[in-house]
Amino acid sequence: MKIGILTSGGDAPGMNPAIRAFVRSGIYNGFEVYGIESGFEGLINGRLNKLNESSVGDVIQRGGTFLGTSRSEEFMTKEGFGKALNILDIFEIDALVVCGGDGSLRGALKLKKSGINVLAIPISIDNDLGYTDYTIGFMSCLETVTEIVSKIRDTTESHSRANVVEVMGRGCGDIALYAGLAAGAENIIIPEYKTPYEEIYKKAIMCKNRGKKHHIILMAEAMGDPYEFAREFEKHTGIDTKVTIPGYIQRGGSPSVFDRVLASQMVFKAMEEIKKKNFGLAIGISRDQIISMEIEEALKVKKKFNKELLDILKVISI
Ligand code: F6P
């Protein structure tokens with residue numbers, strides 16, 4: 001049996017440990033294992049290579065994806081999609097594992113609907129998939145953002161300033177929420193729960209009057225222009241306010257322990273499903289259990305917002 005793996009969409013720490021787990025457990029189970037370069041783009045262009053145990057040596061600690069990734073527009077066209085199906089047929093790939101976020105799972109579903117034996121592993125820094133408690137890559141990103149914010153605190157405190165830090169996450173505020181709590185940010189601005197700006201200004205003034213010398217606000221990228229917000233914040237609070245946009249730094253770096261373990265567990269589960277010839281499934285984690293469910297159903301699960309974390313942040317970041 002020939003099995004293939006690709007990484008798609010925005011890269012995230014944990015992709016390399018996932019590929020490693022796939023190759024090693026695939027070979028252990030007697031499969032012929034293929035790595036597809038540059039996501040769906042590479043699939044369309046037939047960039048498939050047979051991998052062996054050594055192909056994934058020394059990758060567990062590396063960020064990014066050594067296979068490469070892409071956001072393939074061609075795959076979404078009828079012609080491009082047809083080419084992808086043709087390549088899978090030519091290489092006689094019996095099962096394909098797609099690693100990525102929301103868009104990649106949608107790509108996997110499209111393949112499933114065309115009769116391809118596909119499985120999906122959720123890897124994205126955004127943590128925006130409702131069916132899984134965590135996407136691989138999210139925790140590593142939090143480590144990075146928390147470290148960045150800790151450094152920003154040093155300079156913000158020294159100058160008695162405020163700093164608005166724009167974080168990634170697309171339409172999801174989880175990076176701002178979790179990193180905000182971990183880094184001791186005074187406030188967060190996220191799509192899931194809109195704190196009135198007046199309340200944010202009031203808290204900043206209160207903190208300042210109490211003698212607090214820094215004020216950090218994590219702003220999710222979906223929430224508009226951080227410079228515009230900073231200007232308004234400065235106007236209403238009288239606090240000198242700077243803006244930091246860490247950008248792609250948030251996606252880089254060595255995968256965290258949590259993500260390495262999660263990637264290994266999820267891929268192991270995918271391998272079990274391949275052995276049982278169960279396809280069309282998305283792997284996830286729910287209440288500490290590695291789960292699998294129909295990709296179509298998984299994509300329908302609405303992401304829950306952890307309001308409790310926001311409440312905690314509001315109480316303790318004063
Ligand atoms: O989905 C991961 C992510 O990093 C988002 O947080 C961000 O909005 C987007 O990708 C950026 O995408 P690109 O790499 O295409 O600029």
# chains A, B, ... in the order shown; residues from 1 in each chain; ligands from 1

$ residues_around --residues "segment 134-139 of chain A" --least-positions-apart "3" --cutoff "6 Å" --atoms "only C-alpha atoms" --output "list of chain:residue names"
A:Ala12, A:Pro13, A:Gly14, A:Pro122, A:Ile123, A:Ser124, A:Ile125, A:Asn127, A:Leu142, A:Asp259

$ residues_around --residues "Ile36 of chain A" --least-positions-apart "5" --cutoff "9 Å" --atoms "only C-alpha atoms" --output "mmCIF file with N, CA, C and O atoms, in the first residue's frame"
data_model
loop_
_atom_site.group_PDB
_atom_site.id
_atom_site.type_symbol
_atom_site.label_atom_id
_atom_site.label_comp_id
_atom_site.auth_asym_id
_atom_site.auth_seq_id
_atom_site.Cartn_x
_atom_site.Cartn_y
_atom_site.Cartn_z
ATOM 1 N N GLY A 4 0.643 8.800 1.155
ATOM 2 C CA GLY A 4 1.322 10.083 0.947
ATOM 3 C C GLY A 4 0.917 11.100 2.001
ATOM 4 O O GLY A 4 -0.144 10.996 2.620
ATOM 5 N N ILE A 5 1.790 12.087 2.182
ATOM 6 C CA ILE A 5 1.491 13.172 3.133
ATOM 7 C C ILE A 5 1.861 14.511 2.509
ATOM 8 O O ILE A 5 2.844 14.606 1.756
ATOM 9 N N LEU A 6 1.061 15.528 2.788
ATOM 10 C CA LEU A 6 1.414 16.890 2.367
ATOM 11 C C LEU A 6 1.056 17.868 3.473
ATOM 12 O O LEU A 6 0.176 17.608 4.286
ATOM 13 N N THR A 7 1.782 18.977 3.491
ATOM 14 C CA THR A 7 1.471 20.067 4.421
ATOM 15 C C THR A 7 0.971 21.237 3.578
ATOM 16 O O THR A 7 1.519 21.522 2.511
ATOM 17 N N GLY A 42 2.236 21.188 -5.166
ATOM 18 C CA GLY A 42 3.170 20.121 -5.528
ATOM 19 C C GLY A 42 2.448 18.874 -6.000
ATOM 20 O O GLY A 42 2.950 18.144 -6.861
ATOM 21 N N LEU A 43 1.267 18.657 -5.432
ATOM 22 C CA LEU A 43 0.475 17.490 -5.845
ATOM 23 C C LEU A 43 0.063 17.647 -7.315
ATOM 24 O O LEU A 43 0.234 16.730 -8.127
ATOM 25 N N GLY A 46 2.950 16.929 -9.547
ATOM 26 C CA GLY A 46 3.596 15.615 -9.425
ATOM 27 C C GLY A 46 4.909 15.609 -8.666
ATOM 28 O O GLY A 46 5.778 14.788 -8.938
ATOM 29 N N ARG A 47 5.037 16.516 -7.701
ATOM 30 C CA ARG A 47 6.296 16.559 -6.921
ATOM 31 C C ARG A 47 6.185 15.653 -5.700
ATOM 32 O O ARG A 47 6.027 16.094 -4.566
ATOM 33 N N LEU A 48 6.247 14.359 -5.965
ATOM 34 C CA LEU A 48 6.154 13.350 -4.907
ATOM 35 C C LEU A 48 7.476 12.606 -4.806
ATOM 36 O O LEU A 48 8.059 12.239 -5.842
ATOM 37 N N ASN A 49 7.955 12.396 -3.590
ATOM 38 C CA ASN A 49 9.196 11.644 -3.395
ATOM 39 C C ASN A 49 8.981 10.545 -2.372
ATOM 40 O O ASN A 49 8.336 10.774 -1.339
ATOM 41 N N LYS A 50 9.573 9.396 -2.697
ATOM 42 C CA LYS A 50 9.494 8.297 -1.741
ATOM 43 C C LYS A 50 10.418 8.626 -0.557
ATOM 44 O O LYS A 50 11.534 9.111 -0.766
ATOM 45 N N LEU A 67 8.825 19.740 3.880
ATOM 46 C CA LEU A 67 8.203 19.395 2.593
ATOM 47 C C LEU A 67 7.798 20.651 1.815
ATOM 48 O O LEU A 67 7.559 20.595 0.618
ATOM 49 N N GLY A 68 7.692 21.756 2.532
ATOM 50 C CA GLY A 68 7.200 22.986 1.895
ATOM 51 C C GLY A 68 5.681 23.017 1.944
ATOM 52 O O GLY A 68 5.027 21.987 2.167
#

$ residues_near_ligand --ligand "ligand 1" --cutoff "9 Å" --atoms "only C-alpha atoms and all ligand atoms" --output "list in words"
Gly9, Gly10, Asp11, Ala12, Ser70, Arg71, Gly100, Gly101, Asp102, Gly103, Ser124, Ile125, Asp126, Asn127, Asp128, Val167, Met168, Gly169, Arg170, Gly171, Cys172, Ile175, Glu221, Ala222, Gly247, Tyr248, Gln250 and Arg251 of chain A

$ residues_around --residues "Thr77 of chain A" --least-positions-apart "6" --cutoff "12 Å" --atoms "only C-alpha atoms" --output "PyMOL selection string"
chain A and resi 40-41+44+83-84+107+110

$ closest_residue --among "A:Ile60, A:Ile295, A:Lys213, A:Phe229" --to "His159 of chain A" --atoms "only C-alpha atoms"
A:Lys213

$ atom_distance --atom1 "atom CA of Ile121 of chain A" --atom2 "atom CA of Ser264 of chain A"
10.7 Å

$ residues_around --residues "segment 92-98 of chain A" --least-positions-apart "4" --cutoff "8 Å" --atoms "only C-alpha atoms" --output "list of chain:residue names"
A:Met1, A:Lys2, A:Ile3, A:Gly4, A:Ile5, A:Leu6, A:Thr7, A:Ser8, A:Leu88, A:Ser104, A:Leu105, A:Ala108, A:Ile116, A:Asn117, A:Val118, A:Leu119, A:Ala120, A:Ile121, A:Ile274

$ decode --residues "segment 267-313 of chain A" --atoms "N, CA and C atoms" --output "PDB file, in the first residue's frame"
ATOM      1  N   VAL A 267      -0.927  11.653  14.369  1.00  0.00           N
ATOM      2  CA  VAL A 267      -0.512  10.881  13.185  1.00  0.00           C
ATOM      3  C   VAL A 267      -0.639   9.379  13.468  1.00  0.00           C
ATOM      4  N   PHE A 268      -0.333   8.994  14.689  1.00  0.00           N
ATOM      5  CA  PHE A 268      -0.464   7.589  15.067  1.00  0.00           C
ATOM      6  C   PHE A 268      -1.920   7.145  14.918  1.00  0.00           C
ATOM      7  N   LYS A 269      -2.820   8.014  15.334  1.00  0.00           N
ATOM      8  CA  LYS A 269      -4.261   7.731  15.196  1.00  0.00           C
ATOM      9  C   LYS A 269      -4.631   7.611  13.713  1.00  0.00           C
ATOM     10  N   ALA A 270      -4.102   8.534  12.920  1.00  0.00           N
ATOM     11  CA  ALA A 270      -4.389   8.480  11.468  1.00  0.00           C
ATOM     12  C   ALA A 270      -3.915   7.148  10.894  1.00  0.00           C
ATOM     13  N   MET A 271      -2.760   6.689  11.347  1.00  0.00           N
ATOM     14  CA  MET A 271      -2.217   5.423  10.850  1.00  0.00           C
ATOM     15  C   MET A 271      -3.121   4.250  11.229  1.00  0.00           C
ATOM     16  N   GLU A 272      -3.664   4.321  12.437  1.00  0.00           N
ATOM     17  CA  GLU A 272      -4.605   3.266  12.876  1.00  0.00           C
ATOM     18  C   GLU A 272      -5.815   3.240  11.946  1.00  0.00           C
ATOM     19  N   GLU A 273      -6.294   4.438  11.595  1.00  0.00           N
ATOM     20  CA  GLU A 273      -7.467   4.529  10.707  1.00  0.00           C
ATOM     21  C   GLU A 273      -7.124   4.000   9.312  1.00  0.00           C
ATOM     22  N   ILE A 274      -5.922   4.293   8.838  1.00  0.00           N
ATOM     23  CA  ILE A 274      -5.503   3.800   7.520  1.00  0.00           C
ATOM     24  C   ILE A 274      -5.495   2.262   7.539  1.00  0.00           C
ATOM     25  N   LYS A 275      -4.946   1.713   8.616  1.00  0.00           N
ATOM     26  CA  LYS A 275      -4.872   0.248   8.731  1.00  0.00           C
ATOM     27  C   LYS A 275      -6.267  -0.377   8.706  1.00  0.00           C
ATOM     28  N   LYS A 276      -7.222   0.333   9.317  1.00  0.00           N
ATOM     29  CA  LYS A 276      -8.602  -0.190   9.350  1.00  0.00           C
ATOM     30  C   LYS A 276      -9.383   0.203   8.095  1.00  0.00           C
ATOM     31  N   LYS A 277      -8.703   0.922   7.195  1.00  0.00           N
ATOM     32  CA  LYS A 277      -9.317   1.436   5.965  1.00  0.00           C
ATOM     33  C   LYS A 277     -10.525   2.349   6.252  1.00  0.00           C
ATOM     34  N   ASN A 278     -10.366   3.163   7.266  1.00  0.00           N
ATOM     35  CA  ASN A 278     -11.368   4.193   7.574  1.00  0.00           C
ATOM     36  C   ASN A 278     -10.845   5.522   7.029  1.00  0.00           C
ATOM     37  N   PHE A 279     -11.569   6.080   6.085  1.00  0.00           N
ATOM     38  CA  PHE A 279     -11.074   7.317   5.470  1.00  0.00           C
ATOM     39  C   PHE A 279     -12.100   8.452   5.550  1.00  0.00           C
ATOM     40  N   GLY A 280     -11.692   9.614   5.062  1.00  0.00           N
ATOM     41  CA  GLY A 280     -12.583  10.780   5.077  1.00  0.00           C
ATOM     42  C   GLY A 280     -12.682  11.384   6.472  1.00  0.00           C
ATOM     43  N   LEU A 281     -11.670  11.112   7.294  1.00  0.00           N
ATOM     44  CA  LEU A 281     -11.737  11.536   8.694  1.00  0.00           C
ATOM     45  C   LEU A 281     -10.748  12.661   9.025  1.00  0.00           C
ATOM     46  N   ALA A 282     -11.161  13.494   9.967  1.00  0.00           N
ATOM     47  CA  ALA A 282     -10.259  14.508  10.521  1.00  0.00           C
ATOM     48  C   ALA A 282      -9.884  14.038  11.915  1.00  0.00           C
ATOM     49  N   ILE A 283      -8.600  14.105  12.221  1.00  0.00           N
ATOM     50  CA  ILE A 283      -8.127  13.711  13.543  1.00  0.00           C
ATOM     51  C   ILE A 283      -8.136  14.948  14.443  1.00  0.00           C
ATOM     52  N   GLY A 284      -8.409  14.753  15.718  1.00  0.00           N
ATOM     53  CA  GLY A 284      -8.418  15.894  16.636  1.00  0.00           C
ATOM     54  C   GLY A 284      -8.145  15.456  18.051  1.00  0.00           C
ATOM     55  N   ILE A 285      -8.280  16.390  18.975  1.00  0.00           N
ATOM     56  CA  ILE A 285      -8.165  16.055  20.398  1.00  0.00           C
ATOM     57  C   ILE A 285      -9.343  16.691  21.123  1.00  0.00           C
ATOM     58  N   SER A 286     -10.011  15.885  21.931  1.00  0.00           N
ATOM     59  CA  SER A 286     -11.146  16.392  22.681  1.00  0.00           C
ATOM     60  C   SER A 286     -11.090  15.808  24.087  1.00  0.00           C
ATOM     61  N   ARG A 287     -11.090  16.674  25.078  1.00  0.00           N
ATOM     62  CA  ARG A 287     -11.000  16.246  26.489  1.00  0.00           C
ATOM     63  C   ARG A 287      -9.891  15.216  26.695  1.00  0.00           C
ATOM     64  N   ASP A 288      -8.721  15.519  26.160  1.00  0.00           N
ATOM     65  CA  ASP A 288      -7.538  14.670  26.342  1.00  0.00           C
ATOM     66  C   ASP A 288      -7.561  13.353  25.572  1.00  0.00           C
ATOM     67  N   GLN A 289      -8.550  13.161  24.735  1.00  0.00           N
ATOM     68  CA  GLN A 289      -8.623  11.935  23.938  1.00  0.00           C
ATOM     69  C   GLN A 289      -8.364  12.273  22.473  1.00  0.00           C
ATOM     70  N   ILE A 290      -7.554  11.461  21.804  1.00  0.00           N
ATOM     71  CA  ILE A 290      -7.353  11.667  20.369  1.00  0.00           C
ATOM     72  C   ILE A 290      -8.562  11.058  19.661  1.00  0.00           C
ATOM     73  N   ILE A 291      -9.187  11.878  18.840  1.00  0.00           N
ATOM     74  CA  ILE A 291     -10.450  11.465  18.220  1.00  0.00           C
ATOM     75  C   ILE A 291     -10.355  11.524  16.697  1.00  0.00           C
ATOM     76  N   SER A 292     -11.310  10.899  16.033  1.00  0.00           N
ATOM     77  CA  SER A 292     -11.431  11.094  14.583  1.00  0.00           C
ATOM     78  C   SER A 292     -12.910  11.243  14.257  1.00  0.00           C
ATOM     79  N   MET A 293     -13.205  12.132  13.333  1.00  0.00           N
ATOM     80  CA  MET A 293     -14.602  12.287  12.903  1.00  0.00           C
ATOM     81  C   MET A 293     -14.647  12.693  11.431  1.00  0.00           C
ATOM     82  N   GLU A 294     -15.788  12.479  10.804  1.00  0.00           N
ATOM     83  CA  GLU A 294     -15.947  12.816   9.384  1.00  0.00           C
ATOM     84  C   GLU A 294     -15.490  14.261   9.142  1.00  0.00           C
ATOM     85  N   ILE A 295     -14.683  14.477   8.123  1.00  0.00           N
ATOM     86  CA  ILE A 295     -14.174  15.836   7.858  1.00  0.00           C
ATOM     87  C   ILE A 295     -15.340  16.815   7.699  1.00  0.00           C
ATOM     88  N   GLU A 296     -16.372  16.355   6.986  1.00  0.00           N
ATOM     89  CA  GLU A 296     -17.515  17.236   6.729  1.00  0.00           C
ATOM     90  C   GLU A 296     -18.168  17.668   8.045  1.00  0.00           C
ATOM     91  N   GLU A 297     -18.318  16.719   8.962  1.00  0.00           N
ATOM     92  CA  GLU A 297     -18.917  17.025  10.269  1.00  0.00           C
ATOM     93  C   GLU A 297     -17.979  17.926  11.072  1.00  0.00           C
ATOM     94  N   ALA A 298     -16.690  17.597  11.024  1.00  0.00           N
ATOM     95  CA  ALA A 298     -15.694  18.367  11.788  1.00  0.00           C
ATOM     96  C   ALA A 298     -15.754  19.847  11.395  1.00  0.00           C
ATOM     97  N   LEU A 299     -15.888  20.089  10.095  1.00  0.00           N
ATOM     98  CA  LEU A 299     -15.899  21.480   9.618  1.00  0.00           C
ATOM     99  C   LEU A 299     -17.169  22.227  10.020  1.00  0.00           C
ATOM    100  N   LYS A 300     -18.203  21.465  10.391  1.00  0.00           N
ATOM    101  CA  LYS A 300     -19.462  22.117  10.787  1.00  0.00           C
ATOM    102  C   LYS A 300     -19.471  22.517  12.257  1.00  0.00           C
ATOM    103  N   VAL A 301     -18.546  21.946  13.045  1.00  0.00           N
ATOM    104  CA  VAL A 301     -18.560  22.230  14.487  1.00  0.00           C
ATOM    105  C   VAL A 301     -18.118  23.674  14.735  1.00  0.00           C
ATOM    106  N   LYS A 302     -18.990  24.400  15.409  1.00  0.00           N
ATOM    107  CA  LYS A 302     -18.700  25.807  15.681  1.00  0.00           C
ATOM    108  C   LYS A 302     -17.643  25.913  16.786  1.00  0.00           C
ATOM    109  N   LYS A 303     -16.711  26.786  16.582  1.00  0.00           N
ATOM    110  CA  LYS A 303     -15.643  26.989  17.572  1.00  0.00           C
ATOM    111  C   LYS A 303     -16.228  27.639  18.822  1.00  0.00           C
ATOM    112  N   LYS A 304     -15.929  27.035  19.977  1.00  0.00           N
ATOM    113  CA  LYS A 304     -16.433  27.606  21.241  1.00  0.00           C
ATOM    114  C   LYS A 304     -15.430  28.631  21.775  1.00  0.00           C
ATOM    115  N   PHE A 305     -15.964  29.692  22.339  1.00  0.00           N
ATOM    116  CA  PHE A 305     -15.099  30.719  22.915  1.00  0.00           C
ATOM    117  C   PHE A 305     -14.956  30.466  24.414  1.00  0.00           C
ATOM    118  N   ASN A 306     -13.728  30.473  24.894  1.00  0.00           N
ATOM    119  CA  ASN A 306     -13.480  30.217  26.304  1.00  0.00           C
ATOM    120  C   ASN A 306     -13.572  31.526  27.106  1.00  0.00           C
ATOM    121  N   LYS A 307     -14.801  31.905  27.402  1.00  0.00           N
ATOM    122  CA  LYS A 307     -15.065  33.169  28.098  1.00  0.00           C
ATOM    123  C   LYS A 307     -14.418  33.193  29.490  1.00  0.00           C
ATOM    124  N   GLU A 308     -14.322  31.988  30.080  1.00  0.00           N
ATOM    125  CA  GLU A 308     -13.739  31.879  31.419  1.00  0.00           C
ATOM    126  C   GLU A 308     -12.310  32.455  31.442  1.00  0.00           C
ATOM    127  N   LEU A 309     -11.550  32.173  30.375  1.00  0.00           N
ATOM    128  CA  LEU A 309     -10.168  32.677  30.324  1.00  0.00           C
ATOM    129  C   LEU A 309     -10.152  34.206  30.291  1.00  0.00           C
ATOM    130  N   LEU A 310     -11.091  34.768  29.559  1.00  0.00           N
ATOM    131  CA  LEU A 310     -11.163  36.233  29.482  1.00  0.00           C
ATOM    132  C   LEU A 310     -11.527  36.814  30.851  1.00  0.00           C
ATOM    133  N   ASP A 311     -12.453  36.148  31.538  1.00  0.00           N
ATOM    134  CA  ASP A 311     -12.852  36.617  32.873  1.00  0.00           C
ATOM    135  C   ASP A 311     -11.669  36.577  33.829  1.00  0.00           C
ATOM    136  N   ILE A 312     -10.884  35.504  33.730  1.00  0.00           N
ATOM    137  CA  ILE A 312      -9.704  35.374  34.612  1.00  0.00           C
ATOM    138  C   ILE A 312      -8.737  36.518  34.311  1.00  0.00           C
ATOM    139  N   LEU A 313      -8.481  36.710  33.007  1.00  0.00           N
ATOM    140  CA  LEU A 313      -7.543  37.770  32.584  1.00  0.00           C
ATOM    141  C   LEU A 313      -7.983  39.129  33.153  1.00  0.00           C
TER     142      LEU A 313
END
